[in-house]
file structure_38.cif (mmCIF, C-alpha atoms)
data_work
loop_
_atom_site.label_atom_id
_atom_site.label_comp_id
_atom_site.auth_asym_id
_atom_site.auth_seq_id
_atom_site.Cartn_x
_atom_site.Cartn_y
_atom_site.Cartn_z
CA MET A 58 5.03 -28.01 40.42
CA ASN A 59 7.53 -25.59 41.91
CA THR A 60 8.18 -22.70 39.52
CA GLN A 61 11.94 -22.50 40.06
CA PHE A 62 12.29 -26.25 39.63
CA LYS A 63 10.24 -26.15 36.44
CA LYS A 64 12.30 -23.25 35.13
CA GLY A 65 15.52 -25.22 35.52
CA VAL A 66 14.08 -28.31 33.86
CA LEU A 67 12.71 -26.20 31.02
CA GLU A 68 16.20 -24.80 30.41
CA LEU A 69 17.66 -28.30 30.32
CA CYS A 70 14.99 -29.40 27.82
CA ALA A 71 15.59 -26.38 25.59
CA LEU A 72 19.36 -26.89 25.63
CA THR A 73 18.95 -30.59 24.89
CA THR A 74 16.52 -29.90 22.02
CA LEU A 75 18.97 -27.49 20.42
CA ILE A 76 21.77 -30.05 20.55
CA GLY A 77 19.64 -31.97 18.07
CA GLY A 78 19.74 -29.04 15.63
CA ASP A 79 18.91 -25.32 15.27
CA LYS A 80 15.30 -24.32 15.83
CA TYR A 81 13.27 -21.12 15.47
CA GLY A 82 11.35 -19.60 18.37
CA TYR A 83 7.88 -20.85 17.55
CA GLU A 84 9.17 -24.36 16.83
CA LEU A 85 10.77 -24.53 20.29
CA ALA A 86 7.81 -22.99 22.11
CA ASP A 87 5.37 -25.32 20.36
CA LEU A 88 7.50 -28.41 21.04
CA LEU A 89 8.13 -27.59 24.72
CA GLY A 90 4.49 -26.56 25.17
CA ARG A 91 3.19 -29.83 23.80
CA LYS A 92 5.58 -32.08 25.72
CA MET A 93 5.51 -30.27 29.05
CA ASP A 94 2.85 -28.59 31.13
CA ILE A 95 4.11 -25.03 30.74
CA SER A 96 2.92 -21.68 29.41
CA GLU A 97 4.49 -21.24 26.00
CA GLY A 98 5.00 -17.58 26.87
CA SER A 99 7.74 -18.53 29.33
CA VAL A 100 9.84 -20.01 26.53
CA TYR A 101 10.77 -16.62 25.06
CA PRO A 102 12.08 -15.06 28.30
CA MET A 103 14.08 -18.25 28.86
CA LEU A 104 15.58 -18.13 25.36
CA LYS A 105 16.60 -14.52 25.93
CA ARG A 106 18.13 -15.39 29.30
CA LEU A 107 20.11 -18.31 27.89
CA GLN A 108 21.22 -16.13 25.01
CA ASN A 109 22.38 -13.40 27.41
CA ASP A 110 24.32 -16.04 29.33
CA GLY A 111 26.07 -17.06 26.11
CA TYR A 112 24.55 -20.53 25.85
CA PHE A 113 22.66 -19.73 22.66
CA GLU A 114 23.19 -17.42 19.73
CA SER A 115 20.48 -16.34 17.31
CA TYR A 116 20.47 -15.63 13.60
CA LEU A 117 17.85 -14.80 10.99
CA MET A 118 17.09 -17.13 8.12
CA GLU A 119 14.60 -16.77 5.27
CA SER A 120 11.48 -18.88 5.55
CA PRO A 121 9.72 -20.33 2.47
CA ASN A 122 6.61 -18.32 3.31
CA GLY A 123 6.56 -15.07 5.25
CA PRO A 124 9.34 -13.01 6.83
CA ALA A 125 12.70 -14.31 8.06
CA ARG A 126 12.68 -16.51 11.17
CA LYS A 127 14.86 -16.07 14.23
CA TYR A 128 16.80 -19.31 14.75
CA TYR A 129 18.67 -20.35 17.87
CA ARG A 130 21.96 -22.22 17.81
CA ILE A 131 23.63 -23.74 20.87
CA THR A 132 27.18 -22.57 21.63
CA GLN A 133 30.09 -24.61 23.03
CA LYS A 134 29.42 -22.99 26.40
CA GLY A 135 25.79 -24.10 26.05
CA ARG A 136 26.80 -27.69 25.36
CA GLU A 137 28.97 -27.72 28.49
CA HIS A 138 26.14 -26.24 30.52
CA GLN A 139 23.70 -28.84 29.16
CA LEU A 140 26.05 -31.66 30.15
CA GLN A 141 26.40 -30.21 33.62
CA LEU A 142 22.63 -29.87 34.06
CA GLN A 143 22.02 -33.35 32.67
CA THR A 144 24.50 -34.83 35.16
CA GLN A 145 22.79 -32.94 37.99
CA TRP A 146 19.42 -34.19 36.77
CA TYR A 147 20.49 -37.85 36.90
CA GLU A 148 22.09 -37.37 40.31
CA PHE A 149 18.90 -35.79 41.60
CA LEU A 150 16.80 -38.55 40.05
CA GLY A 151 19.03 -41.20 41.69
CA GLN A 152 18.69 -39.53 45.08
CA VAL A 153 14.90 -39.36 44.85
CA ASN A 154 14.67 -42.93 43.56
CA SER A 155 16.69 -44.20 46.52
CA PHE A 156 13.81 -43.08 48.74
CA PHE A 157 11.30 -45.10 46.71
CA GLU A 158 13.48 -48.15 47.00
CA GLY A 159 13.64 -47.66 50.76
CA VAL A 160 9.86 -47.69 51.02
CA GLU A 161 9.44 -50.79 48.88
CA LYS A 162 11.74 -52.90 51.10
CA MET B 233 -8.12 -12.52 24.52
CA LYS B 234 -7.09 -11.16 21.13
CA LYS B 235 -3.56 -10.78 19.80
CA ILE B 236 -3.65 -6.98 19.91
CA ASP B 237 -4.77 -7.00 23.59
CA PHE B 238 -2.07 -9.48 24.55
CA LEU B 239 0.68 -7.48 22.83
CA ASN B 240 -0.53 -4.14 24.21
CA GLU B 241 -0.70 -5.49 27.74
CA LEU B 242 2.71 -7.14 27.49
CA TYR B 243 4.24 -3.93 26.14
CA ALA B 244 2.75 -1.94 28.99
CA TYR B 245 4.08 -4.32 31.66
CA LEU B 246 7.55 -4.18 30.11
CA SER B 247 7.74 -0.43 30.75
CA PRO B 248 10.83 -0.67 33.04
CA LEU B 249 12.87 -1.86 30.04
CA SER B 250 14.31 0.27 27.26
CA LYS B 251 12.31 0.86 24.11
CA ASP B 252 14.66 -1.31 22.02
CA GLU B 253 14.39 -4.23 24.43
CA ARG B 254 10.61 -3.96 24.54
CA ASN B 255 10.37 -3.92 20.75
CA GLU B 256 12.67 -6.91 20.45
CA ILE B 257 10.58 -8.90 22.94
CA LEU B 258 7.36 -7.87 21.22
CA ASN B 259 8.75 -9.01 17.88
CA ASP B 260 9.32 -12.50 19.32
CA PHE B 261 5.69 -12.65 20.37
CA ARG B 262 4.45 -11.17 17.09
CA ASP B 263 6.37 -13.90 15.24
CA HIS B 264 4.82 -16.47 17.56
CA PHE B 265 1.31 -15.25 16.70
CA ARG B 266 2.10 -15.22 12.98
CA GLU B 267 3.47 -18.78 13.02
CA GLY B 268 0.61 -20.04 15.20
CA MET B 269 -2.03 -18.49 12.97
CA ALA B 270 -0.30 -19.87 9.88
CA ALA B 271 -0.57 -23.28 11.58
CA GLY B 272 -4.33 -22.76 11.81
CA LYS B 273 -4.66 -21.68 15.45
CA SER B 274 -7.03 -18.92 16.53
CA GLU B 275 -5.77 -15.79 18.31
CA GLU B 276 -7.62 -16.85 21.46
CA GLN B 277 -6.05 -20.32 21.43
CA ILE B 278 -2.53 -18.91 21.02
CA CYS B 279 -3.13 -16.46 23.88
CA SER B 280 -4.28 -19.23 26.23
CA GLU B 281 -1.22 -21.32 25.35
CA LEU B 282 1.08 -18.38 25.98
CA GLY B 283 -0.31 -17.71 29.45
CA SER B 284 -0.99 -14.25 30.84
CA PRO B 285 0.95 -11.22 29.58
CA LEU B 286 1.73 -10.34 33.21
CA GLU B 287 3.41 -13.70 33.84
CA CYS B 288 5.41 -13.38 30.61
CA ALA B 289 6.48 -9.84 31.47
CA LYS B 290 7.50 -10.86 35.01
CA GLN B 291 10.10 -13.21 33.58
CA TYR B 292 11.75 -10.35 31.73
CA VAL B 293 11.38 -7.62 34.31
CA GLY B 294 11.48 -9.61 37.55
CA ASP B 295 9.45 -8.82 40.63
CA ALA B 296 10.03 -5.10 40.17
CA ILE B 297 7.09 -5.16 37.80
CA ASN B 298 4.26 -2.74 38.35
CA GLU B 299 1.28 -5.04 38.61
CA ASN B 300 -1.27 -2.26 38.51
CA ARG B 301 -2.76 -2.51 35.10
CA VAL B 302 -0.67 -0.10 33.11
CA GLN B 303 -2.50 1.82 30.44
CA PRO B 304 -1.62 0.50 27.00
CA PRO B 305 0.94 2.83 25.45
CA LYS B 306 -0.36 5.47 23.10
CA THR B 307 1.94 5.39 20.11
CA LYS B 308 1.77 8.36 17.78
CA ASN B 309 1.55 6.57 14.45
CA LYS B 310 -0.80 3.91 15.65
CA LYS B 311 -1.81 1.74 12.72
CA HIS B 312 -5.43 0.79 12.39
CA SER B 313 -6.40 -2.84 12.23
CA LYS B 314 -7.71 -4.69 9.21
CA THR B 315 -11.18 -4.64 10.75
CA PHE B 316 -11.06 -0.83 10.94
CA TRP B 317 -10.22 -0.52 7.26
CA THR B 318 -12.82 -3.11 6.23
CA VAL B 319 -15.50 -1.15 8.07
CA ALA B 320 -14.19 2.06 6.49
CA LEU B 321 -14.34 0.44 3.06
CA VAL B 322 -17.95 -0.70 3.49
CA TRP B 323 -18.88 2.74 4.79
CA ASN B 324 -17.24 4.48 1.84
CA VAL B 325 -18.96 2.21 -0.68
CA ILE B 326 -22.31 3.01 0.96
CA GLN B 327 -21.42 6.71 0.88
CA ALA B 328 -20.48 6.44 -2.77
CA PHE B 329 -23.87 4.92 -3.57
CA LEU B 330 -25.69 7.53 -1.49
CA SER B 331 -23.82 10.31 -3.26
CA ILE B 332 -24.82 9.06 -6.73
CA PRO B 333 -27.96 11.27 -6.82
CA ILE B 334 -25.80 14.31 -5.95
CA THR B 335 -23.06 13.49 -8.45
CA LEU B 336 -25.56 12.64 -11.16
CA GLY B 337 -27.76 15.62 -10.25
CA LEU B 338 -24.85 18.05 -10.50
CA PHE B 339 -23.76 16.49 -13.78
CA ILE B 340 -27.24 16.75 -15.31
CA ALA B 341 -27.57 20.30 -13.93
CA SER B 342 -24.37 21.33 -15.73
CA ILE B 343 -25.73 19.95 -19.04
CA VAL B 344 -29.11 21.63 -18.55
CA MET B 345 -27.33 24.91 -17.70
CA THR B 346 -25.19 24.66 -20.86
CA VAL B 347 -28.26 24.14 -23.05
CA ALA B 348 -30.29 26.82 -21.26
CA PHE B 349 -27.52 29.40 -21.43
CA CYS B 350 -27.10 28.69 -25.18
CA PHE B 351 -30.62 30.05 -25.58
CA ILE B 352 -30.55 32.80 -22.95
CA VAL B 353 -27.11 34.34 -23.73
CA PRO B 354 -28.03 35.51 -27.30
CA LEU B 355 -31.24 37.05 -25.88
CA VAL B 356 -29.51 38.97 -23.07
CA SER B 357 -26.37 39.74 -25.14
CA SER B 358 -24.35 40.95 -22.16
CA VAL B 359 -20.66 40.11 -21.62
CA ALA B 360 -21.12 39.95 -17.86
CA PHE B 361 -23.93 37.46 -18.18
CA LEU B 362 -21.86 35.36 -20.62
CA ILE B 363 -19.01 35.16 -18.11
CA PHE B 364 -21.48 34.30 -15.34
CA ALA B 365 -23.06 31.58 -17.52
CA ILE B 366 -19.73 29.95 -18.44
CA SER B 367 -18.20 30.10 -14.97
CA SER B 368 -21.28 28.80 -13.16
CA THR B 369 -21.65 25.93 -15.63
CA ILE B 370 -17.98 24.99 -15.21
CA ALA B 371 -18.28 25.22 -11.41
CA VAL B 372 -21.26 22.85 -11.26
CA PHE B 373 -19.59 20.44 -13.68
CA THR B 374 -16.32 20.46 -11.72
CA LEU B 375 -18.20 19.84 -8.47
CA SER B 376 -19.85 16.73 -9.89
CA ILE B 377 -16.49 15.38 -11.13
CA ILE B 378 -14.80 16.11 -7.78
CA THR B 379 -17.58 14.25 -5.91
CA LEU B 380 -17.13 11.27 -8.21
CA LEU B 381 -13.31 11.23 -8.03
CA TRP B 382 -13.33 11.64 -4.25
CA SER B 383 -15.57 8.60 -3.79
CA ILE B 384 -13.31 6.54 -6.04
CA PHE B 385 -10.18 7.78 -4.24
CA GLU B 386 -11.58 6.91 -0.78
CA ILE B 387 -12.58 3.42 -1.85
CA LYS B 388 -9.17 2.85 -3.43
CA VAL B 389 -7.35 3.92 -0.24
CA CYS B 390 -9.50 1.60 1.89
CA VAL B 391 -8.96 -1.36 -0.44
CA LYS B 392 -5.21 -0.75 -0.32
CA MET B 393 -5.18 -0.52 3.49
CA VAL B 394 -7.30 -3.66 3.93
CA ASN B 395 -4.85 -5.57 1.75
CA SER B 396 -1.71 -4.20 3.40
CA GLN B 397 -2.75 -4.62 7.06
CA GLU B 398 -2.19 -7.90 8.75
CA GLY B 399 -4.45 -9.04 11.57
#

call {"tool": "encode", "arguments": {"input": "structure_38.cif", "output": "structure tokens"}}
result
Amino acid sequence: MNTQFKKGVLELCALTTLIGGDKYGYELADLLGRKMDISEGSVYPMLKRLQNDGYFESYLMESPNGPARKYYRITQKGREHQLQLQTQWYEFLGQVNSFFEGVEK
Amino acid sequence: MKKIDFLNELYAYLSPLSKDERNEILNDFRDHFREGMAAGKSEEQICSELGSPLECAKQYVGDAINENRVQPPKTKNKKHSKTFWTVALVWNVIQAFLSIPITLGLFIASIVMTVAFCFIVPLVSSVAFLIFAISSTIAVFTLSIITLLWSIFEIKVCVKMVNSQEG
């Protein structure tokens, strides 16, 4: 699949996941890696990018075993961005689907 | 690919970034390896799931990346791996065993010298010879103790390093 397209979708998925609650890096990478056909290594650059854009903020929290984990929390700006991307996604989906309907008729 | 190779390669490809940025990025990946291994994955499996270090680095650096394989950075205080210290430990234990004849030999020699000099010194009755007898006996005895302590010290250091190194 197109890399740029995938990148955008991956961002939407990460933003949406974080709306459900804060997650640490490995948790996100593992989840996205299992659900989507991506290299888990691309999750970390994306997290950094979204953080630089102000959609996420990170904080350290003790873990029951081992050193502190870096958690990501979605910001208000991130929530707005997620909503925007989600709307775009449905619009896009609707446009593509209209072609399928055309063929079936 | 092993964890250390992945991290070294990634670090090298990130060379256009500042040292702080590179270390921060590397910490994210180190954490990823630690969590993955705690979840029972092998280093090779984690590496294949992460994708290539070059592709990861490209997403930080952009297309300005130097794709020619950059030499892994040579850090001054490079820590040795657990494997290194385990090998060192085994080697030192073997050395300690091999040096037993020397340690024991020197120790026995010092006892024999003490006994022998007890007989010879009254016969010679010279102050110079007495001093020679005492100092040489002490020297041989000290040498045997130093050999013993050194072996113990080396083994102790290796055990400590094996325990303190991760991966």

call {"tool": "resolve_selection", "arguments": {"input": "structure_38.cif", "expression": "the PyMOL selection byres ((chain A and resi 146) around 12)", "output": "list in words"}}
result
Phe62, Gly65, Val66, Leu67, Glu68, Leu69, Cys70, Gln139, Leu140, Gln141, Leu142, Gln143, Thr144, Gln145, Tyr147, Glu148, Phe149, Leu150, Gly151, Gln152 and Val153 of chain A

call {"tool": "atom_distance", "arguments": {"input": "structure_38.cif", "atom1": "CA of Phe373 (chain B)", "atom2": "CA of Lys392 (chain B)"}}
result
28.9 Å

call {"tool": "residues_around", "arguments": {"input": "structure_38.cif", "residues": "Ile343 (chain B)", "least_positions_apart": "4", "cutoff": "9 Å", "atoms": "only C-alpha atoms", "output": "PyMOL selection string"}}
result
chain B and resi 338-339+347-348+369+373

call {"tool": "interface_residues", "arguments": {"input": "structure_38.cif", "of": "chain A", "to": "chain B", "cutoff": "6 Å", "atoms": "only C-alpha atoms", "output": "list in words"}}
result
Tyr83, Ser96, Glu97, Gly98, Ser99 and Pro102 of chain A

call {"tool": "write_last_selection", "arguments": {"input": "structure_38.cif", "atoms": "C-alpha atoms", "output": "mmCIF file, in the frame of the given file"}}
result
data_model
loop_
_atom_site.group_PDB
_atom_site.id
_atom_site.type_symbol
_atom_site.label_atom_id
_atom_site.label_comp_id
_atom_site.auth_asym_id
_atom_site.auth_seq_id
_atom_site.Cartn_x
_atom_site.Cartn_y
_atom_site.Cartn_z
ATOM 1 C CA TYR A 83 7.880 -20.850 17.550
ATOM 2 C CA SER A 96 2.920 -21.680 29.410
ATOM 3 C CA GLU A 97 4.490 -21.240 26.000
ATOM 4 C CA GLY A 98 5.000 -17.580 26.870
ATOM 5 C CA SER A 99 7.740 -18.530 29.330
ATOM 6 C CA PRO A 102 12.080 -15.060 28.300
#

call {"tool": "atom_distance", "arguments": {"input": "structure_38.cif", "atom1": "CA of Phe349 (chain B)", "atom2": "CA of Leu336 (chain B)"}}
result
19.8 Å

call {"tool": "atom_distance", "arguments": {"input": "structure_38.cif", "atom1": "CA of Met93 (chain A)", "atom2": "CA of Lys80 (chain A)"}}
result
17.5 Å

call {"tool": "residues_near_point", "arguments": {"input": "structure_38.cif", "point": "(-16.0, 1.0, -1.6)", "cutoff": "12 Å", "atoms": "all atoms listed in the file", "output": "PDB file with C-alpha atoms, keeping the file's coordinate frame"}}
result
ATOM      1  CA  TRP B 317     -10.220  -0.520   7.260  1.00  0.00           C
ATOM      2  CA  THR B 318     -12.820  -3.110   6.230  1.00  0.00           C
ATOM      3  CA  VAL B 319     -15.500  -1.150   8.070  1.00  0.00           C
ATOM      4  CA  ALA B 320     -14.190   2.060   6.490  1.00  0.00           C
ATOM      5  CA  LEU B 321     -14.340   0.440   3.060  1.00  0.00           C
ATOM      6  CA  VAL B 322     -17.950  -0.700   3.490  1.00  0.00           C
ATOM      7  CA  TRP B 323     -18.880   2.740   4.790  1.00  0.00           C
ATOM      8  CA  ASN B 324     -17.240   4.480   1.840  1.00  0.00           C
ATOM      9  CA  VAL B 325     -18.960   2.210  -0.680  1.00  0.00           C
ATOM     10  CA  ILE B 326     -22.310   3.010   0.960  1.00  0.00           C
ATOM     11  CA  GLN B 327     -21.420   6.710   0.880  1.00  0.00           C
ATOM     12  CA  ALA B 328     -20.480   6.440  -2.770  1.00  0.00           C
ATOM     13  CA  PHE B 329     -23.870   4.920  -3.570  1.00  0.00           C
ATOM     14  CA  LEU B 330     -25.690   7.530  -1.490  1.00  0.00           C
ATOM     15  CA  TRP B 382     -13.330  11.640  -4.250  1.00  0.00           C
ATOM     16  CA  SER B 383     -15.570   8.600  -3.790  1.00  0.00           C
ATOM     17  CA  ILE B 384     -13.310   6.540  -6.040  1.00  0.00           C
ATOM     18  CA  PHE B 385     -10.180   7.780  -4.240  1.00  0.00           C
ATOM     19  CA  GLU B 386     -11.580   6.910  -0.780  1.00  0.00           C
ATOM     20  CA  ILE B 387     -12.580   3.420  -1.850  1.00  0.00           C
ATOM     21  CA  LYS B 388      -9.170   2.850  -3.430  1.00  0.00           C
ATOM     22  CA  VAL B 389      -7.350   3.920  -0.240  1.00  0.00           C
ATOM     23  CA  CYS B 390      -9.500   1.600   1.890  1.00  0.00           C
ATOM     24  CA  VAL B 391      -8.960  -1.360  -0.440  1.00  0.00           C
ATOM     25  CA  LYS B 392      -5.210  -0.750  -0.320  1.00  0.00           C
ATOM     26  CA  VAL B 394      -7.300  -3.660   3.930  1.00  0.00           C
TER      27      VAL B 394
END

call {"tool": "closest_residue", "arguments": {"input": "structure_38.cif", "among": "B:Met269, B:Ser274, B:Asn255, B:Ser313", "to": "Lys234 (chain B)", "atoms": "only C-alpha atoms"}}
result
B:Ser274

call {"tool": "resolve_selection", "arguments": {"input": "structure_38.cif", "expression": "the PyMOL selection byres ((chain A and resi 130) around 8)", "output": "MDAnalysis selection string"}}
result
chainID A and resid 75 78:80 113:116 128:129 131:132

call {"tool": "residues_around", "arguments": {"input": "structure_38.cif", "residues": "region 362-365 of chain B", "least_positions_apart": "3", "cutoff": "10 Å", "atoms": "all atoms listed in the file", "output": "list in words"}}
result
Met345, Thr346, Ala348, Phe349, Cys350, Ile352, Val353, Pro354, Val356, Ser357, Ser358, Val359, Ser368, Thr369 and Ile370 of chain B

call {"tool": "write_last_selection", "arguments": {"input": "structure_38.cif", "atoms": "C-alpha atoms", "output": "compact mmCIF listing (two decimals), in the coordinates of the input"}}
result
# COMPACT_ATOMS: atom_id res chain seq x y z
CA MET B 345 -27.33 24.91 -17.70
CA THR B 346 -25.19 24.66 -20.86
CA ALA B 348 -30.29 26.82 -21.26
CA PHE B 349 -27.52 29.40 -21.43
CA CYS B 350 -27.10 28.69 -25.18
CA ILE B 352 -30.55 32.80 -22.95
CA VAL B 353 -27.11 34.34 -23.73
CA PRO B 354 -28.03 35.51 -27.30
CA VAL B 356 -29.51 38.97 -23.07
CA SER B 357 -26.37 39.74 -25.14
CA SER B 358 -24.35 40.95 -22.16
CA VAL B 359 -20.66 40.11 -21.62
CA SER B 368 -21.28 28.80 -13.16
CA THR B 369 -21.65 25.93 -15.63
CA ILE B 370 -17.98 24.99 -15.21

call {"tool": "closest_residue", "arguments": {"input": "structure_38.cif", "among": "A:Gly77, A:Tyr112, A:Met118, A:Lys63", "to": "Val100 (chain A)", "atoms": "all atoms listed in the file"}}
result
A:Lys63

call {"tool": "closest_residue", "arguments": {"input": "structure_38.cif", "among": "B:Ile378, B:Ile297, B:Met233, B:Leu355", "to": "Ile334 (chain B)", "atoms": "all atoms listed in the file"}}
result
B:Ile378

call {"tool": "closest_residue", "arguments": {"input": "structure_38.cif", "among": "B:Asn240, B:Gln277, B:Ser250, B:Ser331", "to": "Thr379 (chain B)", "atoms": "only C-alpha atoms"}}
result
B:Ser331

call {"tool": "resolve_selection", "arguments": {"input": "structure_38.cif", "expression": "the PyMOL selection byres ((chain B and resi 239) around 8)", "output": "list in words"}}
result
Lys235, Ile236, Asp237, Phe238, Asn240, Glu241, Leu242, Tyr243, Leu258, Phe261, Arg262 and Pro285 of chain B

call {"tool": "closest_residue", "arguments": {"input": "structure_38.cif", "among": "B:Ser247, B:Ser376, B:Asn259, B:Thr315", "to": "Lys127 (chain A)", "atoms": "all atoms listed in the file"}}
result
B:Asn259

call {"tool": "axis_aligned_box", "arguments": {"input": "structure_38.cif", "around": "region 100-114 of chain A", "padding_each_side": "4 Å", "output": "AutoDock Vina command-line options"}}
result
--center_x 18.0 --center_y -17.0 --center_z 24.5 --size_x 24.2 --size_y 15.1 --size_z 17.6
